[in-house]
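J.: Contents of input28.csv (CSV, C-alpha atoms) are below:
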```csv
chain,number,residue,atom,x,y,z
A,1,MET,CA,0.0,0.0,0.0
A,2,SER,CA,1.5,3.3,-1.0
A,3,GLU,CA,2.0,5.9,1.7
A,4,HIS,CA,-0.7,8.6,1.7
A,5,LEU,CA,0.5,12.1,2.6
A,6,ASP,CA,-2.1,14.4,4.2
A,7,ARG,CA,0.4,17.2,4.3
A,8,MET,CA,4.0,17.8,3.4
A,9,THR,CA,6.9,18.7,5.6
A,10,CYS,CA,9.4,21.3,4.3
A,11,GLU,CA,11.8,18.5,3.4
A,12,GLU,CA,9.1,16.6,1.4
A,13,ALA,CA,8.1,19.7,-0.4
A,14,PHE,CA,11.6,20.8,-1.1
A,15,ARG,CA,12.4,17.4,-2.6
A,16,ARG,CA,9.7,18.1,-5.1
A,17,LEU,CA,10.8,21.6,-5.9
A,18,ASP,CA,12.1,21.1,-9.4
A,19,ASP,CA,9.3,18.9,-10.4
A,20,PHE,CA,6.7,21.3,-8.9
A,21,ILE,CA,8.2,24.2,-10.9
A,22,ASP,CA,8.2,22.1,-14.1
A,23,ARG,CA,4.7,20.8,-13.3
A,24,GLN,CA,6.0,17.2,-13.5
A,25,LEU,CA,4.1,16.1,-10.4
A,26,ASN,CA,0.7,14.4,-10.4
A,27,ALA,CA,-2.3,16.5,-9.5
A,28,GLU,CA,-2.3,15.2,-5.9
A,29,GLU,CA,1.3,16.0,-5.3
A,30,MET,CA,1.0,19.5,-6.9
A,31,ARG,CA,-1.9,20.2,-4.5
A,32,LEU,CA,0.1,19.0,-1.5
A,33,VAL,CA,3.1,21.1,-2.4
A,34,GLN,CA,0.9,24.1,-3.0
A,35,GLU,CA,-0.8,23.6,0.3
A,36,HIS,CA,2.5,23.5,2.0
A,37,LEU,CA,3.6,26.7,0.3
A,38,ASP,CA,0.4,28.3,1.3
A,39,VAL,CA,1.4,28.0,5.0
A,40,CYS,CA,5.2,28.0,4.9
A,41,ALA,CA,6.8,31.4,4.2
A,42,GLN,CA,10.4,30.1,4.2
A,43,CYS,CA,9.7,27.5,1.5
A,44,THR,CA,7.6,30.0,-0.5
A,45,ARG,CA,10.6,32.3,-0.5
A,46,GLU,CA,13.0,29.6,-1.6
A,47,PHE,CA,10.6,28.3,-4.3
A,48,ASN,CA,10.0,31.8,-5.6
A,49,PHE,CA,13.7,32.4,-5.8
A,50,GLU,CA,14.3,29.2,-7.7
A,51,LEU,CA,11.5,30.1,-10.1
A,52,SER,CA,13.0,33.6,-10.5
A,53,VAL,CA,16.3,32.1,-11.5
A,54,ILE,CA,14.8,29.8,-14.1
A,55,ASN,CA,12.6,32.5,-15.6
A,56,GLY,CA,15.5,34.9,-15.5
A,57,VAL,CA,17.8,32.6,-17.4
A,58,ARG,CA,15.1,31.7,-19.8
A,59,SER,CA,14.3,35.3,-20.7
A,60,ARG,CA,18.0,36.1,-21.1
A,61,LEU,CA,18.4,33.2,-23.5
A,62,ALA,CA,15.6,34.5,-25.7
A,63,ARG,CA,15.3,32.9,-29.0
A,64,ILE,CA,17.6,34.0,-31.8
A,65,ALA,CA,16.0,34.5,-35.2
A,66,ALA,CA,17.5,32.8,-38.2
A,67,PRO,CA,18.6,35.1,-41.0
A,68,PRO,CA,15.6,36.1,-43.1
A,69,ASP,CA,16.6,34.2,-46.2
A,70,PHE,CA,17.8,31.1,-44.3
A,71,LEU,CA,14.8,28.9,-44.9
A,72,SER,CA,14.8,29.6,-48.6
A,73,ARG,CA,18.5,28.9,-48.8
A,74,ILE,CA,18.0,25.6,-47.1
A,75,ALA,CA,15.1,24.8,-49.4
A,76,SER,CA,17.1,25.6,-52.5
A,77,SER,CA,19.9,23.3,-51.3
A,78,LEU,CA,17.7,20.3,-50.9
A,79,PRO,CA,17.7,17.7,-53.7
A,80,ARG,CA,14.4,18.6,-55.3
A,81,PRO,CA,12.5,15.9,-57.2
A,82,LYS,CA,11.8,16.7,-60.8
A,83,PRO,CA,8.2,17.7,-61.6
A,84,GLY,CA,6.1,14.6,-61.9
A,85,GLU,CA,8.4,12.6,-59.8
A,86,GLY,CA,6.8,11.2,-56.7
A,87,GLY,CA,4.1,13.1,-54.7
B,1,MET,CA,30.8,2.9,-38.5
B,2,PRO,CA,29.8,4.6,-35.3
B,3,LEU,CA,30.4,8.3,-35.3
B,4,SER,CA,30.9,8.7,-31.6
B,5,GLU,CA,30.1,7.1,-28.4
B,6,SER,CA,26.9,9.1,-28.1
B,7,ASP,CA,25.7,8.0,-31.5
B,8,ALA,CA,26.0,4.4,-30.8
B,9,ASN,CA,22.5,3.9,-29.5
B,10,VAL,CA,20.6,5.9,-32.0
B,11,GLU,CA,17.4,4.5,-33.6
B,12,PRO,CA,18.0,3.2,-37.1
B,13,ALA,CA,15.1,5.4,-38.4
B,14,VAL,CA,17.0,8.6,-37.6
B,15,PRO,CA,19.3,9.8,-40.3
B,16,GLN,CA,22.8,10.0,-39.1
B,17,PRO,CA,25.3,12.7,-39.8
B,18,GLN,CA,28.4,11.8,-41.8
B,19,ALA,CA,31.8,13.3,-41.4
B,20,THR,CA,31.1,15.4,-44.5
B,21,VAL,CA,28.0,15.7,-46.6
B,22,ILE,CA,29.0,16.2,-50.2
B,23,GLY,CA,27.8,15.4,-53.6
B,24,PRO,CA,24.3,15.1,-54.9
B,25,ALA,CA,21.9,13.7,-52.4
B,26,ARG,CA,19.6,10.8,-53.1
B,27,PRO,CA,16.1,12.2,-53.5
B,28,ALA,CA,14.0,10.7,-50.7
B,29,ALA,CA,10.8,12.7,-51.1
B,30,GLY,CA,8.5,13.4,-53.9
B,31,GLN,CA,7.1,16.9,-54.7
B,32,ARG,CA,4.3,16.7,-52.1
B,33,GLU,CA,6.6,15.4,-49.5
B,34,ALA,CA,9.2,18.1,-50.2
B,35,ALA,CA,6.5,20.7,-49.8
B,36,ASP,CA,5.4,19.1,-46.5
B,37,PHE,CA,8.9,19.0,-45.3
B,38,GLU,CA,9.5,22.6,-46.0
B,39,THR,CA,6.4,23.6,-44.2
B,40,LEU,CA,7.4,21.6,-41.1
B,41,LEU,CA,10.9,22.9,-41.3
B,42,GLY,CA,9.7,26.5,-41.6
B,43,ALA,CA,7.9,26.2,-38.3
B,44,VAL,CA,11.0,25.2,-36.4
B,45,VAL,CA,13.9,26.8,-38.3
B,46,ASP,CA,14.3,29.8,-36.0
B,47,ALA,CA,14.3,27.5,-32.9
B,48,ALA,CA,16.7,25.2,-34.6
B,49,TYR,CA,19.0,28.0,-35.6
B,50,GLY,CA,18.9,29.5,-32.1
B,51,TYR,CA,19.7,26.1,-30.5
B,52,ALA,CA,22.6,25.5,-33.0
B,53,PHE,CA,23.9,29.0,-32.3
B,54,ARG,CA,23.9,28.5,-28.6
B,55,LEU,CA,25.7,25.2,-29.0
B,56,SER,CA,28.3,26.3,-31.6
B,57,HIS,CA,28.6,30.0,-30.6
B,58,ASN,CA,28.9,31.0,-34.2
B,59,ARG,CA,26.4,32.1,-36.8
B,60,SER,CA,28.2,30.4,-39.7
B,61,ASP,CA,28.6,27.2,-37.8
B,62,ALA,CA,25.0,27.4,-36.7
B,63,GLU,CA,23.8,27.7,-40.3
B,64,ASP,CA,26.0,24.8,-41.3
B,65,LEU,CA,24.6,22.6,-38.6
B,66,VAL,CA,21.0,23.4,-39.4
B,67,GLN,CA,21.6,22.9,-43.1
B,68,GLU,CA,23.3,19.6,-42.6
B,69,ALA,CA,20.5,18.5,-40.3
B,70,ALA,CA,17.9,19.6,-42.8
B,71,LEU,CA,19.5,17.6,-45.6
B,72,LEU,CA,19.7,14.5,-43.4
B,73,ALA,CA,16.1,15.0,-42.3
B,74,PHE,CA,15.0,15.5,-45.9
B,75,ARG,CA,16.7,12.3,-46.9
B,76,GLY,CA,15.1,10.4,-44.1
B,77,PHE,CA,11.8,12.1,-44.2
B,78,GLY,CA,10.2,8.9,-45.3
B,79,SER,CA,10.8,7.5,-41.8
B,80,PHE,CA,9.1,10.5,-40.1
B,81,GLU,CA,5.6,9.6,-39.0
B,82,PRO,CA,3.1,12.2,-40.1
B,83,GLY,CA,1.4,13.8,-37.2
B,84,SER,CA,4.2,13.0,-34.8
B,85,ASN,CA,6.4,15.7,-33.2
B,86,PHE,CA,8.5,17.0,-36.1
B,87,LYS,CA,10.4,19.5,-33.8
B,88,ALA,CA,11.6,16.7,-31.5
B,89,TRP,CA,12.5,14.5,-34.5
B,90,PHE,CA,14.4,17.3,-36.2
B,91,PHE,CA,16.2,18.4,-33.0
B,92,LYS,CA,17.3,14.8,-32.5
B,93,ILE,CA,19.0,14.9,-35.9
B,94,LEU,CA,20.4,18.4,-35.2
B,95,THR,CA,21.8,17.3,-31.9
B,96,ASN,CA,23.4,14.3,-33.5
B,97,CYS,CA,25.0,16.5,-36.1
B,98,TYR,CA,26.4,18.8,-33.4
B,99,ARG,CA,27.7,15.8,-31.4
B,100,SER,CA,29.4,14.3,-34.4
B,101,LYS,CA,30.9,17.6,-35.7
B,102,TYR,CA,32.0,19.2,-32.5
B,103,ARG,CA,33.9,17.0,-30.2
B,104,ARG,CA,33.9,18.5,-26.8
B,105,ASP,CA,36.6,21.2,-26.5
B,106,LYS,CA,38.7,20.0,-23.6
B,107,ARG,CA,40.0,23.5,-23.1
B,108,ARG,CA,36.5,24.8,-22.3
B,109,PRO,CA,36.3,25.5,-18.6
B,110,THR,CA,33.7,23.6,-16.8
B,111,VAL,CA,32.4,24.3,-13.4
B,112,ASP,CA,33.3,21.9,-10.6
B,113,LEU,CA,30.9,19.0,-10.6
B,114,ASP,CA,31.4,18.3,-6.9
B,115,ASP,CA,28.4,18.6,-4.8
B,116,THR,CA,26.8,21.9,-5.3
B,117,PRO,CA,24.5,22.7,-2.4
B,118,ASP,CA,20.8,23.2,-3.0
B,119,LEU,CA,19.7,26.8,-3.2
B,120,TYR,CA,23.2,27.9,-4.0
B,121,LEU,CA,22.3,31.2,-5.5
B,122,TYR,CA,19.7,31.9,-2.9
B,123,ALA,CA,22.3,31.3,-0.1
B,124,ARG,CA,25.1,33.2,-1.8
B,125,SER,CA,22.8,36.1,-2.7
B,126,GLY,CA,21.7,36.4,0.9
B,127,GLU,CA,25.3,36.4,2.1
B,128,VAL,CA,26.2,39.5,0.0
B,129,GLY,CA,22.9,41.3,0.6
B,130,PHE,CA,21.3,40.7,-2.8
B,131,PRO,CA,17.5,40.2,-2.6
B,132,THR,CA,16.1,36.8,-1.8
B,133,ASP,CA,12.5,37.8,-1.5
B,134,GLY,CA,10.0,39.8,-3.5
B,135,PRO,CA,8.4,39.2,-6.9
B,136,ASP,CA,11.5,38.5,-8.9
B,137,PRO,CA,14.4,38.2,-6.5
B,138,ALA,CA,17.0,36.7,-8.8
B,139,SER,CA,16.7,39.6,-11.3
B,140,ALA,CA,19.0,41.8,-9.2
B,141,LEU,CA,21.9,39.4,-10.0
B,142,LEU,CA,20.8,38.4,-13.5
B,143,ASP,CA,20.3,41.9,-14.6
B,144,ARG,CA,23.8,42.8,-13.7
B,145,LEU,CA,25.1,39.6,-15.3
B,146,GLY,CA,23.3,40.3,-18.6
B,147,THR,CA,22.8,37.8,-21.4
B,148,GLU,CA,26.5,37.4,-22.4
B,149,ARG,CA,27.5,36.3,-18.9
B,150,VAL,CA,24.5,34.1,-18.5
B,151,VAL,CA,25.5,32.3,-21.7
B,152,ALA,CA,29.1,32.1,-20.4
B,153,ALA,CA,27.8,30.4,-17.3
B,154,LEU,CA,25.8,27.9,-19.3
B,155,ASP,CA,28.8,27.2,-21.4
B,156,GLN,CA,30.7,26.1,-18.3
B,157,LEU,CA,28.3,23.1,-17.8
B,158,PRO,CA,29.7,19.7,-18.8
B,159,GLU,CA,28.4,18.9,-22.4
B,160,GLU,CA,25.5,16.7,-21.7
B,161,TYR,CA,24.2,19.1,-19.0
B,162,ARG,CA,24.7,22.0,-21.3
B,163,ILE,CA,22.7,20.4,-24.1
B,164,VAL,CA,19.8,19.4,-22.0
B,165,SER,CA,19.8,22.8,-20.2
B,166,THR,CA,19.9,24.7,-23.5
B,167,LEU,CA,16.8,22.8,-24.8
B,168,TYR,CA,15.1,23.4,-21.5
B,169,PHE,CA,15.9,27.1,-21.2
B,170,MET,CA,15.7,28.1,-24.8
B,171,GLN,CA,13.1,26.0,-26.4
B,172,ASP,CA,10.5,25.4,-23.6
B,173,PHE,CA,10.7,21.7,-24.5
B,174,SER,CA,8.8,19.3,-22.1
B,175,TYR,CA,10.8,16.6,-20.4
B,176,GLU,CA,9.3,14.1,-22.9
B,177,GLU,CA,10.4,16.2,-25.9
B,178,ILE,CA,13.9,16.6,-24.6
B,179,ALA,CA,14.0,12.8,-24.0
B,180,ARG,CA,13.0,12.3,-27.6
B,181,ALA,CA,15.4,14.8,-29.0
B,182,LEU,CA,18.3,13.4,-26.9
B,183,GLU,CA,17.3,9.7,-27.2
B,184,CYS,CA,17.4,9.0,-23.5
B,185,PRO,CA,14.8,8.1,-20.9
B,186,VAL,CA,12.7,10.9,-19.3
B,187,GLY,CA,14.3,10.0,-16.0
B,188,THR,CA,17.7,10.8,-17.4
B,189,VAL,CA,16.4,14.2,-18.6
B,190,ARG,CA,15.0,14.9,-15.2
B,191,SER,CA,18.2,14.0,-13.3
B,192,ARG,CA,20.4,15.9,-15.7
B,193,LEU,CA,18.2,18.9,-15.7
B,194,HIS,CA,18.0,19.0,-11.9
B,195,ARG,CA,21.7,18.6,-11.5
B,196,GLY,CA,22.4,21.0,-14.4
B,197,ARG,CA,20.3,23.7,-12.8
B,198,LYS,CA,22.3,23.4,-9.6
B,199,ILE,CA,25.6,23.5,-11.5
B,200,LEU,CA,24.4,26.4,-13.5
B,201,GLN,CA,23.7,28.4,-10.3
B,202,LYS,CA,27.2,27.8,-9.2
B,203,ALA,CA,28.5,28.8,-12.6
B,204,LEU,CA,26.4,32.0,-12.6
B,205,TRP,CA,27.9,32.9,-9.2
B,206,GLU,CA,31.5,32.2,-10.4
B,207,VAL,CA,30.9,34.3,-13.5
B,208,ALA,CA,29.6,37.1,-11.3
B,209,GLU,CA,32.6,36.9,-9.1
B,210,GLU,CA,35.0,37.0,-12.0
B,211,ALA,CA,33.2,40.0,-13.4
B,212,GLY,CA,33.4,41.8,-10.0
B,213,ILE,CA,29.7,41.9,-9.7
B,214,VAL,CA,29.8,40.1,-6.4
B,215,HIS,CA,32.7,39.6,-4.0
B,216,PRO,CA,33.6,36.5,-2.0
B,217,PRO,CA,33.0,36.9,1.7
B,218,ARG,CA,36.2,38.1,3.4
B,219,SER,CA,36.7,34.8,5.2
B,220,ALA,CA,36.8,33.0,1.8
B,221,GLU,CA,39.4,35.3,0.3
B,222,LEU,CA,42.3,33.7,2.0
```
Transcribe the structure of this file into structure tokens.

T.:
Amino acid sequence: MSEHLDRMTCEEAFRRLDDFIDRQLNAEEMRLVQEHLDVCAQCTREFNFELSVINGVRSRLARIAAPPDFLSRIASSLPRPKPGEGG
Amino acid sequence: MPLSESDANVEPAVPQPQATVIGPARPAAGQREAADFETLLGAVVDAAYGYAFRLSHNRSDAEDLVQEAALLAFRGFGSFEPGSNFKAWFFKILTNCYRSKYRRDKRRPTVDLDDTPDLYLYARSGEVGFPTDGPDPASALLDRLGTERVVAALDQLPEEYRIVSTLYFMQDFSYEEIARALECPVGTVRSRLHRGRKILQKALWEVAEEAGIVHPPRSAEL
């Protein structure tokens, strides 16, 4: 029989920090972590900081656009079938 | 002939990079398939270029990587299952191209892999009086670092951590998509990502110290 957690300790919540941030927990675990955060200011501070780091790195590694003609250059370099061939 | 250790377990359906891609390619797709391929590629080309650029650090090399991957993907397009995740499939080919072309540069500095404590940046920020609370507490440090130094920190990660972290931070890939792109179990993605994030925090702090943005506590200077 699996252990049923009615509420999480700081340690149990912290162990799930990354998965909670990435929404990799099941709904029940997400709820339990959230309930812990709702009543634990220290864990909330730590979780928020971790989330701030992730979001900050993400925003600073913003996507880089390819050169405007890049797709057409790739397309023209592909071995095109002759009209009537295939498709 | 295996191209590298990391290529040894690739699925046979995935086109593999060769040392050089020269000469006329074997047409693998008909007119309709070619049009479909270009449509699918068009939707991911910016993401692919950005990923290749972050890995290779060079616009020309990034273009070469994506072009080589596109050619391989086009040749193997017959093995792509319509309706499945083209982005993950293409990034798998692109990652294999990168791995086969760019052996890890041994000179590249990597951050110490020894145990990095949890909440590393949180703890260090608190020590030097940077905010640890508020709506976006890490921004005080990250704003001072700027994109260039954040990229420099990411570059210090050991290669497999760098690749998985780049996909995670740049592409918003799910764990499952990263697993597909890197041909490894989701559990491996999870563990690499969790450890990679810890190592990245240490690297960010080291870069900040080198840039004089933060200073080691006096007791650590000796």

J.: Can you pull out every residue within 10 Å of Gln171 in chain B, counting all atoms listed in the file, but drop anything in the same chain fewer than 3 positions away, and send it as a list in words?

T.: Arg58, Leu61, Ala62 and Arg63 of chain A; Ala47, Ala48, Gly50, Tyr51, Ser165, Thr166, Leu167, Tyr168, Ser174 and Ile178 of chain B

J.: Which residues of chain A have any atom within 9 Å of an atom in chain B when counting all atoms listed in the file, and what is the closest pair of atoms for each, with the distance in Å to one decimal? Order the rows by chain and rising number and write it as JSON lines.

T.:
```
{"residue": "A:Asp18", "atom": "CA", "partner": "B:His194", "partner_atom": "CA", "distance": 6.7}
{"residue": "A:Asp19", "atom": "CA", "partner": "B:Arg190", "partner_atom": "CA", "distance": 8.5}
{"residue": "A:Asp22", "atom": "CA", "partner": "B:Ser174", "partner_atom": "CA", "distance": 8.5}
{"residue": "A:Gln24", "atom": "CA", "partner": "B:Tyr175", "partner_atom": "CA", "distance": 8.4}
{"residue": "A:Arg45", "atom": "CA", "partner": "B:Asp133", "partner_atom": "CA", "distance": 5.9}
{"residue": "A:Glu46", "atom": "CA", "partner": "B:Tyr122", "partner_atom": "CA", "distance": 7.2}
{"residue": "A:Asn48", "atom": "CA", "partner": "B:Asp136", "partner_atom": "CA", "distance": 7.6}
{"residue": "A:Phe49", "atom": "CA", "partner": "B:Pro137", "partner_atom": "CA", "distance": 5.9}
{"residue": "A:Glu50", "atom": "CA", "partner": "B:Leu119", "partner_atom": "CA", "distance": 7.4}
{"residue": "A:Leu51", "atom": "CA", "partner": "B:Asp136", "partner_atom": "CA", "distance": 8.5}
{"residue": "A:Ser52", "atom": "CA", "partner": "B:Ala138", "partner_atom": "CA", "distance": 5.3}
{"residue": "A:Val53", "atom": "CA", "partner": "B:Ala138", "partner_atom": "CA", "distance": 5.4}
{"residue": "A:Ile54", "atom": "CA", "partner": "B:Phe169", "partner_atom": "CA", "distance": 7.7}
{"residue": "A:Asn55", "atom": "CA", "partner": "B:Phe169", "partner_atom": "CA", "distance": 8.5}
{"residue": "A:Gly56", "atom": "CA", "partner": "B:Ser139", "partner_atom": "CA", "distance": 6.4}
{"residue": "A:Val57", "atom": "CA", "partner": "B:Phe169", "partner_atom": "CA", "distance": 6.9}
{"residue": "A:Arg58", "atom": "CA", "partner": "B:Phe169", "partner_atom": "CA", "distance": 4.9}
{"residue": "A:Ser59", "atom": "CA", "partner": "B:Phe169", "partner_atom": "CA", "distance": 8.4}
{"residue": "A:Arg60", "atom": "CA", "partner": "B:Thr147", "partner_atom": "CA", "distance": 5.1}
{"residue": "A:Leu61", "atom": "CA", "partner": "B:Met170", "partner_atom": "CA", "distance": 5.9}
{"residue": "A:Ala62", "atom": "CA", "partner": "B:Met170", "partner_atom": "CA", "distance": 6.5}
{"residue": "A:Arg63", "atom": "CA", "partner": "B:Gly50", "partner_atom": "CA", "distance": 5.8}
{"residue": "A:Ile64", "atom": "CA", "partner": "B:Gly50", "partner_atom": "CA", "distance": 4.7}
{"residue": "A:Ala65", "atom": "CA", "partner": "B:Asp46", "partner_atom": "CA", "distance": 5.1}
{"residue": "A:Ala66", "atom": "CA", "partner": "B:Asp46", "partner_atom": "CA", "distance": 4.9}
{"residue": "A:Pro67", "atom": "CA", "partner": "B:Asp46", "partner_atom": "CA", "distance": 8.5}
{"residue": "A:Phe70", "atom": "CA", "partner": "B:Glu63", "partner_atom": "CA", "distance": 8.0}
{"residue": "A:Leu71", "atom": "CA", "partner": "B:Gly42", "partner_atom": "CA", "distance": 6.5}
{"residue": "A:Arg73", "atom": "CA", "partner": "B:Gln67", "partner_atom": "CA", "distance": 8.8}
{"residue": "A:Ile74", "atom": "CA", "partner": "B:Gln67", "partner_atom": "CA", "distance": 6.0}
{"residue": "A:Ala75", "atom": "CA", "partner": "B:Glu38", "partner_atom": "CA", "distance": 6.9}
{"residue": "A:Ser77", "atom": "CA", "partner": "B:Leu71", "partner_atom": "CA", "distance": 8.1}
{"residue": "A:Leu78", "atom": "CA", "partner": "B:Leu71", "partner_atom": "CA", "distance": 6.2}
{"residue": "A:Pro79", "atom": "CA", "partner": "B:Pro27", "partner_atom": "CA", "distance": 5.7}
{"residue": "A:Arg80", "atom": "CA", "partner": "B:Pro27", "partner_atom": "CA", "distance": 6.9}
{"residue": "A:Pro81", "atom": "CA", "partner": "B:Gly30", "partner_atom": "CA", "distance": 5.8}
{"residue": "A:Lys82", "atom": "CA", "partner": "B:Gln31", "partner_atom": "CA", "distance": 7.7}
{"residue": "A:Pro83", "atom": "CA", "partner": "B:Gln31", "partner_atom": "CA", "distance": 7.0}
{"residue": "A:Gly84", "atom": "CA", "partner": "B:Gln31", "partner_atom": "CA", "distance": 7.6}
{"residue": "A:Glu85", "atom": "CA", "partner": "B:Gly30", "partner_atom": "CA", "distance": 6.0}
{"residue": "A:Gly86", "atom": "CA", "partner": "B:Gly30", "partner_atom": "CA", "distance": 3.9}
{"residue": "A:Gly87", "atom": "CA", "partner": "B:Arg32", "partner_atom": "CA", "distance": 4.4}
```

J.: Quick check, in Å to one decimal: how far apart do CA of Val164 in chain B and CA of Val189 in chain B lie?

T.: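 CA of Val189 in chain B lies at a distance of 7.1 Å from CA of Val164 in chain B.
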
J.: Have a look at CA of Tyr98 in chain B and CA of Ala69 in chain B and let me know their distance in Å, one decimal.

T.: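 CA of Ala69 in chain B lies 9.1 Å from CA of Tyr98 in chain B.
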
J.: To one decimal in Å, tell me the separation between CA of Gln34 in chain A and CA of Ala179 in chain B.

T.: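 CA of Gln34 in chain A sits 27.2 Å away from CA of Ala179 in chain B.
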
J.: Nearest to Cys97 in chain B: which of B:Gln156, B:Thr188, B:Asn85, B:Ser56 is it, counting only C-alpha atoms?

T.: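 Checking each candidate against Cys97 in chain B, we get B:Ser56 as the closest.
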